[in-house]
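First comes the structure, then the notes that go with it.
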Amino acid sequence: MNQIYGLLVLSTLLALGYSAPQQQAKIVSQSSDTNADGGYKWSYETDHGVKAEETGSIKKASGPGAEDTVVAQGSYEYKDLEGKPVHLTYIADENGFQPAGAHLPTPPPVPEAILKALAWIAAHPSKDSHP
């Protein structure tokens, strides 16, 4: 859970830093709410147009030795140094922090020859392989 909050704080500080390199931002609206089962919700907006929000809940563990997990989802937006809007959404759960945004790099597509080779391998398993 501390990793999620650490990533959130870091991303918020980066957003604030990019949005106002010369001036300090002022919070123009904010809200925060928690409930008895561990869930929460918060949001804020600055006078520089930075907006952030997040909701979280506890996902109950299933199975022996499993631990409860905090599941959070949220978003933030700001303008970069060139004035272009940056919008990021994310989910953070037992699978880690999973951001999504048009500004994030994406891996190149798998080359066609590799896809064909993988299909051939799947269709012709080795005699030594186990089922």
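Note on naming: chains are A, B, ... as they come in the structure tokens, residues start from 1 per chain, ligands start from 1 in the order shown.
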DSSP-assigned strand (DSSP E) members of chain A, reported as a ChimeraX atom specification: /A:27-34,40-46,51-59,69-79,85-93,96-100
Keeping only N, CA and C atoms, write the selected residues to a file as a compact mmCIF listing (two decimals), in the first residue's frame.
```txt
# COMPACT_ATOMS: atom_id res chain seq x y z
N ILE A 27 -4.34 25.38 -4.41
CA ILE A 27 -5.46 24.45 -4.48
C ILE A 27 -6.74 25.28 -4.54
N VAL A 28 -7.56 25.05 -5.58
CA VAL A 28 -8.83 25.77 -5.70
C VAL A 28 -10.01 24.90 -5.27
N SER A 29 -9.85 23.59 -5.30
CA SER A 29 -10.88 22.70 -4.77
C SER A 29 -10.24 21.38 -4.36
N GLN A 30 -10.81 20.79 -3.33
CA GLN A 30 -10.33 19.48 -2.90
C GLN A 30 -11.42 18.78 -2.11
N SER A 31 -11.38 17.47 -2.15
CA SER A 31 -12.32 16.68 -1.35
C SER A 31 -11.64 15.40 -0.95
N SER A 32 -12.11 14.84 0.15
CA SER A 32 -11.55 13.61 0.67
C SER A 32 -12.61 12.90 1.48
N ASP A 33 -12.68 11.58 1.31
CA ASP A 33 -13.67 10.81 2.05
C ASP A 33 -13.13 9.41 2.28
N THR A 34 -13.37 8.87 3.44
CA THR A 34 -13.02 7.49 3.75
C THR A 34 -14.24 6.79 4.31
N TYR A 40 -11.69 4.65 0.13
CA TYR A 40 -11.46 6.09 0.18
C TYR A 40 -11.69 6.71 -1.19
N LYS A 41 -11.78 8.03 -1.19
CA LYS A 41 -11.91 8.80 -2.42
C LYS A 41 -11.37 10.19 -2.14
N TRP A 42 -10.56 10.71 -3.05
CA TRP A 42 -10.07 12.08 -2.91
C TRP A 42 -9.92 12.72 -4.28
N SER A 43 -9.89 14.03 -4.31
CA SER A 43 -9.66 14.76 -5.55
C SER A 43 -9.18 16.16 -5.20
N TYR A 44 -8.52 16.80 -6.16
CA TYR A 44 -8.14 18.20 -6.00
C TYR A 44 -7.93 18.83 -7.37
N GLU A 45 -7.93 20.15 -7.38
CA GLU A 45 -7.65 20.92 -8.59
C GLU A 45 -6.89 22.17 -8.18
N THR A 46 -5.91 22.55 -8.99
CA THR A 46 -5.14 23.76 -8.70
C THR A 46 -5.54 24.87 -9.66
N LYS A 51 -5.36 18.62 -12.21
CA LYS A 51 -6.49 17.92 -11.59
C LYS A 51 -6.06 16.50 -11.30
N ALA A 52 -6.47 15.99 -10.14
CA ALA A 52 -6.18 14.61 -9.79
C ALA A 52 -7.33 14.05 -8.97
N GLU A 53 -7.56 12.76 -9.14
CA GLU A 53 -8.59 12.08 -8.35
C GLU A 53 -8.24 10.61 -8.23
N GLU A 54 -8.70 10.01 -7.14
CA GLU A 54 -8.45 8.59 -6.93
C GLU A 54 -9.51 8.01 -6.02
N THR A 55 -9.87 6.76 -6.30
CA THR A 55 -10.74 6.00 -5.42
C THR A 55 -10.02 4.69 -5.10
N GLY A 56 -10.25 4.19 -3.92
CA GLY A 56 -9.60 2.96 -3.53
C GLY A 56 -10.51 2.11 -2.67
N SER A 57 -10.24 0.83 -2.68
CA SER A 57 -11.01 -0.11 -1.87
C SER A 57 -10.10 -1.27 -1.49
N ILE A 58 -10.55 -2.03 -0.54
CA ILE A 58 -9.82 -3.22 -0.10
C ILE A 58 -10.40 -4.43 -0.83
N LYS A 59 -9.53 -5.16 -1.51
CA LYS A 59 -9.94 -6.41 -2.16
C LYS A 59 -9.58 -7.53 -1.19
N THR A 69 -5.63 -6.77 -0.54
CA THR A 69 -4.94 -5.87 -1.44
C THR A 69 -5.72 -4.57 -1.55
N VAL A 70 -5.01 -3.45 -1.57
CA VAL A 70 -5.64 -2.17 -1.86
C VAL A 70 -5.71 -2.04 -3.38
N VAL A 71 -6.89 -1.76 -3.88
CA VAL A 71 -7.09 -1.54 -5.31
C VAL A 71 -7.44 -0.07 -5.48
N ALA A 72 -6.63 0.64 -6.24
CA ALA A 72 -6.86 2.06 -6.47
C ALA A 72 -6.97 2.33 -7.95
N GLN A 73 -7.80 3.28 -8.29
CA GLN A 73 -7.87 3.74 -9.68
C GLN A 73 -8.08 5.24 -9.65
N GLY A 74 -7.47 5.90 -10.61
CA GLY A 74 -7.59 7.34 -10.63
C GLY A 74 -7.04 7.94 -11.90
N SER A 75 -6.88 9.25 -11.86
CA SER A 75 -6.35 9.97 -13.01
C SER A 75 -5.77 11.30 -12.55
N TYR A 76 -4.93 11.84 -13.40
CA TYR A 76 -4.49 13.22 -13.21
C TYR A 76 -4.24 13.84 -14.57
N GLU A 77 -4.32 15.16 -14.60
CA GLU A 77 -4.06 15.88 -15.84
C GLU A 77 -3.40 17.20 -15.54
N TYR A 78 -2.59 17.65 -16.51
CA TYR A 78 -1.89 18.91 -16.41
C TYR A 78 -1.43 19.30 -17.81
N LYS A 79 -0.83 20.46 -17.95
CA LYS A 79 -0.28 20.87 -19.24
C LYS A 79 1.24 20.79 -19.15
N PRO A 85 -2.00 19.40 -23.26
CA PRO A 85 -2.62 18.68 -22.14
C PRO A 85 -2.07 17.25 -22.03
N VAL A 86 -1.82 16.86 -20.82
CA VAL A 86 -1.37 15.50 -20.51
C VAL A 86 -2.42 14.89 -19.58
N HIS A 87 -2.94 13.74 -19.97
CA HIS A 87 -3.96 13.06 -19.16
C HIS A 87 -3.52 11.63 -18.94
N LEU A 88 -3.50 11.20 -17.69
CA LEU A 88 -3.09 9.85 -17.36
C LEU A 88 -4.15 9.22 -16.47
N THR A 89 -4.52 7.99 -16.78
CA THR A 89 -5.38 7.20 -15.91
C THR A 89 -4.57 6.01 -15.43
N TYR A 90 -4.95 5.44 -14.31
CA TYR A 90 -4.20 4.32 -13.79
C TYR A 90 -5.07 3.43 -12.92
N ILE A 91 -4.59 2.21 -12.79
CA ILE A 91 -5.11 1.23 -11.84
C ILE A 91 -3.90 0.72 -11.09
N ALA A 92 -4.02 0.57 -9.80
CA ALA A 92 -2.97 -0.02 -8.99
C ALA A 92 -3.61 -1.11 -8.14
N ASP A 93 -3.14 -2.34 -8.34
CA ASP A 93 -3.71 -3.47 -7.62
C ASP A 93 -2.65 -4.53 -7.41
N GLY A 96 0.25 -4.50 -9.74
CA GLY A 96 1.14 -3.34 -9.79
C GLY A 96 0.45 -2.10 -10.33
N PHE A 97 1.25 -1.07 -10.59
CA PHE A 97 0.78 0.20 -11.11
C PHE A 97 0.67 0.09 -12.62
N GLN A 98 -0.53 0.37 -13.17
CA GLN A 98 -0.79 0.20 -14.59
C GLN A 98 -1.31 1.51 -15.18
N PRO A 99 -0.39 2.37 -15.64
CA PRO A 99 -0.82 3.66 -16.20
C PRO A 99 -1.25 3.54 -17.65
N ALA A 100 -2.07 4.50 -18.08
CA ALA A 100 -2.49 4.59 -19.49
C ALA A 100 -2.61 6.05 -19.85
```
Looking only at alpha helix (DSSP H) from DSSP on the backbone, list the matching residues of stretch 53-130 of chain A as a JSON list (two decimals) with N, CA and C atoms, in the first residue's frame.
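Output contents, as saved in out.json:
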```json
[["chain", "number", "residue", "atom", "x", "y", "z"],
["A", 112, "GLU", "N", 5.87, -9.63, -38.22],
["A", 112, "GLU", "CA", 5.08, -10.72, -38.80],
["A", 112, "GLU", "C", 5.83, -12.05, -38.80],
["A", 113, "ALA", "N", 7.13, -12.02, -39.11],
["A", 113, "ALA", "CA", 7.92, -13.26, -39.15],
["A", 113, "ALA", "C", 7.95, -13.92, -37.77],
["A", 114, "ILE", "N", 8.04, -13.12, -36.72],
["A", 114, "ILE", "CA", 8.04, -13.68, -35.36],
["A", 114, "ILE", "C", 6.68, -14.29, -35.04],
["A", 115, "LEU", "N", 5.60, -13.60, -35.42],
["A", 115, "LEU", "CA", 4.26, -14.14, -35.18],
["A", 115, "LEU", "C", 4.07, -15.47, -35.89],
["A", 116, "LYS", "N", 4.55, -15.57, -37.13],
["A", 116, "LYS", "CA", 4.43, -16.83, -37.88],
["A", 116, "LYS", "C", 5.27, -17.93, -37.22],
["A", 117, "ALA", "N", 6.46, -17.59, -36.76],
["A", 117, "ALA", "CA", 7.32, -18.58, -36.10],
["A", 117, "ALA", "C", 6.68, -19.09, -34.82],
["A", 118, "LEU", "N", 6.09, -18.19, -34.04],
["A", 118, "LEU", "CA", 5.42, -18.61, -32.80],
["A", 118, "LEU", "C", 4.22, -19.51, -33.10],
["A", 119, "ALA", "N", 3.46, -19.18, -34.14],
["A", 119, "ALA", "CA", 2.33, -20.02, -34.52],
["A", 119, "ALA", "C", 2.80, -21.40, -34.96],
["A", 120, "TRP", "N", 3.90, -21.46, -35.71],
["A", 120, "TRP", "CA", 4.43, -22.74, -36.16],
["A", 120, "TRP", "C", 4.89, -23.58, -34.97],
["A", 121, "ILE", "N", 5.57, -22.93, -34.02],
["A", 121, "ILE", "CA", 6.04, -23.64, -32.82],
["A", 121, "ILE", "C", 4.85, -24.20, -32.04],
["A", 122, "ALA", "N", 3.80, -23.39, -31.90],
["A", 122, "ALA", "CA", 2.61, -23.85, -31.16],
["A", 122, "ALA", "C", 1.94, -25.02, -31.87],
["A", 123, "ALA", "N", 1.96, -25.02, -33.21],
["A", 123, "ALA", "CA", 1.32, -26.09, -33.97],
["A", 123, "ALA", "C", 2.19, -27.34, -34.06]]
```
Straight-line distance linking atom CA of A:Ala66 with atom CA of A:Asp37, stated in Å to one decimal: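 Here the two named atoms are 18.3 Å from each other.
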